[in-house]
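Chemist: For reference, this is start_8.pdb, and it has PDB, C-alpha atoms, pLDDT in the B column.
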ATOM      1  CA  MET Q1065       0.000   0.000   0.000  1.00 87.00           C
ATOM      2  CA  THR Q1066       1.137   3.537  -0.716  1.00 92.00           C
ATOM      3  CA  ARG Q1067       2.255   5.499   2.322  1.00 90.00           C
ATOM      4  CA  ALA Q1068       2.108   9.286   2.644  1.00 90.00           C
ATOM      5  CA  VAL Q1069       3.236  11.998   5.024  1.00 88.00           C
ATOM      6  CA  ILE Q1070       1.034  15.060   4.619  1.00 92.00           C
ATOM      7  CA  ASP Q1071       2.082  18.573   5.568  1.00 90.00           C
ATOM      8  CA  SER Q1072       0.258  20.124   8.519  1.00 93.00           C
ATOM      9  CA  SER Q1073      -1.151  22.944   6.379  1.00 93.00           C
ATOM     10  CA  VAL Q1074      -2.852  20.404   4.100  1.00 94.00           C
ATOM     11  CA  LEU Q1075      -4.300  18.573   7.100  1.00 96.00           C
ATOM     12  CA  VAL Q1076      -5.622  21.808   8.629  1.00 97.00           C
ATOM     13  CA  SER Q1077      -7.065  22.915   5.286  1.00 95.00           C
ATOM     14  CA  ALA Q1078      -8.785  19.568   4.865  1.00 94.00           C
ATOM     15  CA  LEU Q1079     -10.501  19.942   8.221  1.00 94.00           C
ATOM     16  CA  ILE Q1080     -11.664  23.537   7.860  1.00 93.00           C
ATOM     17  CA  ALA Q1081     -12.541  23.570   4.142  1.00 86.00           C
ATOM     18  CA  ARG Q1082     -15.845  21.658   4.463  1.00 70.00           C
ATOM     19  CA  ARG Q1083     -16.168  21.401   0.701  1.00 80.00           C
ATOM     20  CA  ASP Q1084     -14.656  19.580  -2.224  1.00 87.00           C
ATOM     21  CA  THR Q1085     -11.083  20.878  -2.163  1.00 93.00           C
ATOM     22  CA  PRO Q1086      -7.844  19.038  -2.928  1.00 94.00           C
ATOM     23  CA  PRO Q1087      -6.943  18.794   0.804  1.00 94.00           C
ATOM     24  CA  SER Q1088     -10.369  17.363   1.665  1.00 93.00           C
ATOM     25  CA  GLN Q1089     -10.064  14.926  -1.257  1.00 93.00           C
ATOM     26  CA  VAL Q1090      -6.780  13.697   0.212  1.00 92.00           C
ATOM     27  CA  LEU Q1091      -8.448  12.888   3.534  1.00 90.00           C
ATOM     28  CA  ARG Q1092     -11.361  11.182   1.811  1.00 92.00           C
ATOM     29  CA  ALA Q1093      -8.875   9.016  -0.097  1.00 94.00           C
ATOM     30  CA  ARG Q1094      -7.242   8.118   3.230  1.00 93.00           C
ATOM     31  CA  ALA Q1095     -10.634   7.229   4.689  1.00 92.00           C
ATOM     32  CA  ARG Q1096     -11.230   4.921   1.702  1.00 94.00           C
ATOM     33  CA  GLU Q1097      -7.852   3.308   2.477  1.00 94.00           C
ATOM     34  CA  ARG Q1098      -6.301   4.432  -0.803  1.00 95.00           C
ATOM     35  CA  PHE Q1099      -3.092   5.126   1.114  1.00 96.00           C
ATOM     36  CA  GLU Q1100      -1.637   4.781   4.570  1.00 95.00           C
ATOM     37  CA  LEU Q1101      -1.234   8.090   6.413  1.00 95.00           C
ATOM     38  CA  ILE Q1102       2.035   8.445   8.322  1.00 92.00           C
ATOM     39  CA  VAL Q1103       2.235  10.929  11.190  1.00 93.00           C
ATOM     40  CA  SER Q1104       4.674  11.687  13.963  1.00 91.00           C
ATOM     41  CA  PRO Q1105       4.142  13.204  17.395  1.00 93.00           C
ATOM     42  CA  GLN Q1106       5.704  16.435  16.102  1.00 91.00           C
ATOM     43  CA  LEU Q1107       3.280  16.594  13.158  1.00 93.00           C
ATOM     44  CA  VAL Q1108       0.237  15.958  15.371  1.00 96.00           C
ATOM     45  CA  SER Q1109       1.507  18.584  17.810  1.00 95.00           C
ATOM     46  CA  GLU Q1110       1.950  21.107  14.997  1.00 94.00           C
ATOM     47  CA  VAL Q1111      -1.599  20.501  13.731  1.00 97.00           C
ATOM     48  CA  ALA Q1112      -2.967  20.811  17.285  1.00 98.00           C
ATOM     49  CA  GLY Q1113      -1.085  24.076  17.811  1.00 97.00           C
ATOM     50  CA  VAL Q1114      -2.395  25.586  14.598  1.00 97.00           C
ATOM     51  CA  LEU Q1115      -5.988  24.539  15.298  1.00 97.00           C
ATOM     52  CA  ALA Q1116      -5.766  26.006  18.818  1.00 97.00           C
ATOM     53  CA  ARG Q1117      -5.309  29.502  17.375  1.00 97.00           C
ATOM     54  CA  PRO Q1118      -8.359  31.710  17.985  1.00 97.00           C
ATOM     55  CA  LYS Q1119      -8.698  32.527  14.273  1.00 96.00           C
ATOM     56  CA  PHE Q1120      -9.781  28.924  13.621  1.00 96.00           C
ATOM     57  CA  ASP Q1121     -12.642  29.052  16.157  1.00 95.00           C
ATOM     58  CA  ARG Q1122     -15.055  30.205  13.481  1.00 95.00           C
ATOM     59  CA  TYR Q1123     -14.263  27.178  11.296  1.00 94.00           C
ATOM     60  CA  VAL Q1124     -14.204  24.258  13.747  1.00 95.00           C
ATOM     61  CA  THR Q1125     -15.502  23.440  17.183  1.00 96.00           C
ATOM     62  CA  PRO Q1126     -13.265  22.096  19.953  1.00 96.00           C
ATOM     63  CA  ASP Q1127     -14.999  18.716  19.574  1.00 97.00           C
ATOM     64  CA  GLU Q1128     -14.231  18.618  15.842  1.00 96.00           C
ATOM     65  CA  VAL Q1129     -10.586  19.442  16.564  1.00 97.00           C
ATOM     66  CA  ALA Q1130     -10.418  16.728  19.235  1.00 97.00           C
ATOM     67  CA  ASP Q1131     -11.974  14.159  16.876  1.00 97.00           C
ATOM     68  CA  PHE Q1132      -9.568  15.133  14.097  1.00 97.00           C
ATOM     69  CA  LEU Q1133      -6.535  14.839  16.370  1.00 98.00           C
ATOM     70  CA  ASP Q1134      -7.813  11.483  17.640  1.00 97.00           C
ATOM     71  CA  MET Q1135      -8.079  10.309  14.028  1.00 95.00           C
ATOM     72  CA  LEU Q1136      -4.478  11.351  13.395  1.00 96.00           C
ATOM     73  CA  ARG Q1137      -3.255   9.571  16.525  1.00 96.00           C
ATOM     74  CA  ASN Q1138      -5.358   6.425  16.147  1.00 95.00           C
ATOM     75  CA  ASP Q1139      -6.103   5.839  12.468  1.00 93.00           C
ATOM     76  CA  ALA Q1140      -2.747   6.859  11.014  1.00 94.00           C
ATOM     77  CA  VAL Q1141       0.530   5.024  11.414  1.00 93.00           C
ATOM     78  CA  VAL Q1142       2.480   6.889  14.076  1.00 92.00           C
ATOM     79  CA  HIS Q1143       6.232   6.919  13.575  1.00 86.00           C
ATOM     80  CA  PRO Q1144       8.541   8.356  16.211  1.00 85.00           C
ATOM     81  CA  ASP Q1145      10.028  11.736  15.420  1.00 77.00           C
ATOM     82  CA  ALA Q1146      13.242  11.455  13.423  1.00 70.00           C
ATOM     83  CA  ALA Q1147      16.265  11.669  15.712  1.00 64.00           C
ATOM     84  CA  VAL Q1148      18.450  13.467  13.190  1.00 54.00           C
ATOM     85  CA  ILE Q1149      16.979  15.831  10.667  1.00 62.00           C
ATOM     86  CA  GLU Q1150      19.167  16.735   7.742  1.00 67.00           C
ATOM     87  CA  ARG Q1151      18.528  19.772   5.601  1.00 65.00           C
ATOM     88  CA  ALA Q1152      16.194  18.439   2.889  1.00 61.00           C
ATOM     89  CA  THR Q1153      13.678  21.155   1.963  1.00 65.00           C
ATOM     90  CA  ARG Q1154      13.540  24.869   1.226  1.00 68.00           C
ATOM     91  CA  ASP Q1155      11.670  25.282   4.517  1.00 65.00           C
ATOM     92  CA  PRO Q1156      13.800  23.901   7.364  1.00 60.00           C
ATOM     93  CA  GLY Q1157      10.622  23.651   9.436  1.00 64.00           C
ATOM     94  CA  ASP Q1158       9.412  20.919   7.077  1.00 63.00           C
ATOM     95  CA  ASP Q1159      12.570  18.816   7.160  1.00 61.00           C
ATOM     96  CA  TYR Q1160      11.138  16.616   9.914  1.00 62.00           C
ATOM     97  CA  LEU Q1161       8.391  15.546   7.492  1.00 64.00           C
ATOM     98  CA  VAL Q1162      10.965  14.238   5.055  1.00 61.00           C
ATOM     99  CA  GLY Q1163      12.612  12.436   7.958  1.00 57.00           C
ATOM    100  CA  GLN Q1164       9.361  10.501   8.457  1.00 54.00           C
ATOM    101  CA  THR Q1165       9.566   9.034   4.972  1.00 52.00           C
ATOM    102  CA  CYS Q1166      12.937   7.519   5.808  1.00 50.00           C
ATOM    103  CA  SER Q1167      11.823   5.862   9.068  1.00 47.00           C
TER     104      SER Q1167
END
For this file, write the structure as structure tokens.

Modeler:
Amino acid sequence: MTRAVIDSSVLVSALIARRDTPPSQVLRARARERFELIVSPQLVSEVAGVLARPKFDRYVTPDEVADFLDMLRNDAVVHPDAAVIERATRDPGDDYLVGQTCS
């Protein structure tokens, strides 16, 4: 089965979009088991931090956020955070995501 690590911004967009957008299509494909979603504690933490920002309150309820985070923790394959993160992307903040594909 295909495995995928998805950037936190795509995950957040998929949750708040509530319509047929590419990010929401990605999550629907995951729900249909078209691929295996790989997450790490750092990725889940980043998504949780973004969704905790007050500007997202108008898009999602705390219960929806909790359910979404539970899905990431329980329905995805959780890999430990990469111990060593080499420079791999233009955005050093995303290098840990690339590290997940090598675990």

Chemist: Return the single residue from Q:Ile1102, Q:Met1135, Q:Val1114, Q:Ala1095 that is closest to Q:Ile1070, with distances computed using all atoms listed in the file.

Modeler: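 Under the stated criterion, the closest residue is Q:Ile1102.
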
Chemist: Need the neighbours of (-8.6, 14.1, 17.8): which residues are at most 12 Å away, counting all atoms listed in the file, as a list of chain:residue names?

Modeler: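 Nearby residues: Q:Leu1079, Q:Val1108, Q:Ser1109, Q:Val1111, Q:Ala1112, Q:Leu1115, Q:Thr1125, Q:Pro1126, Q:Asp1127, Q:Glu1128, Q:Val1129, Q:Ala1130, Q:Asp1131, Q:Phe1132, Q:Leu1133, Q:Asp1134, Q:Met1135, Q:Leu1136, Q:Arg1137, Q:Asn1138, Q:Asp1139, Q:Ala1140.
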
Chemist: One decimal, in Å: what's the spacing between atom CA of Q:Ala1068 and atom CA of Q:Glu1100?

Modeler: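 Separation of atom CA of Q:Ala1068 and atom CA of Q:Glu1100: 6.2 Å.
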
Chemist: Let me make sure I understand: among Q:Asp1071, Q:Thr1066, Q:Val1124, Q:Ala1078, which one has the smallest atom-to-atom distance to Q:Arg1092 if we use all atoms listed in the file?

Modeler: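 Looking at the shortest contact to Q:Arg1092, the residue is Q:Ala1078.
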
Chemist: To one decimal in Å, tell me the separation between atom CA of Q:Ser1073 and atom CA of Q:Gly1113.

Modeler: 11.5 Å

Chemist: May I ask which of the residues Q:Val1090, Q:Val1074, Q:Val1142, Q:Met1065 is the closest one to Q:Gln1106, counting all atoms listed in the file?

Modeler: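 With all atoms listed in the file as the atom set, the closest residue is Q:Val1142.
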
Chemist: By how many Å are atom CA of Q:Leu1107 and atom CA of Q:Val1141 apart?

Modeler: 12.0 Å

Chemist: Padding of 6 Å on every side, edges along x, y and z, all listed atoms of stretch 1136-1141 of chain Q included: what centre and edge lengths in Å, to one decimal, does that box have, as lines of an AutoDock Vina configuration file?

Modeler:
center_x = -2.8
center_y = 8.2
center_z = 13.8
size_x = 18.6
size_y = 18.3
size_z = 17.5

Chemist: List as a PyMOL selection string the residues having at least one atom at most 9 Å from position (-8.5, 20.4, 5.6) as given in the file, counting all atoms listed in the file.

Modeler: chain Q and resi 1073-1082+1085-1091
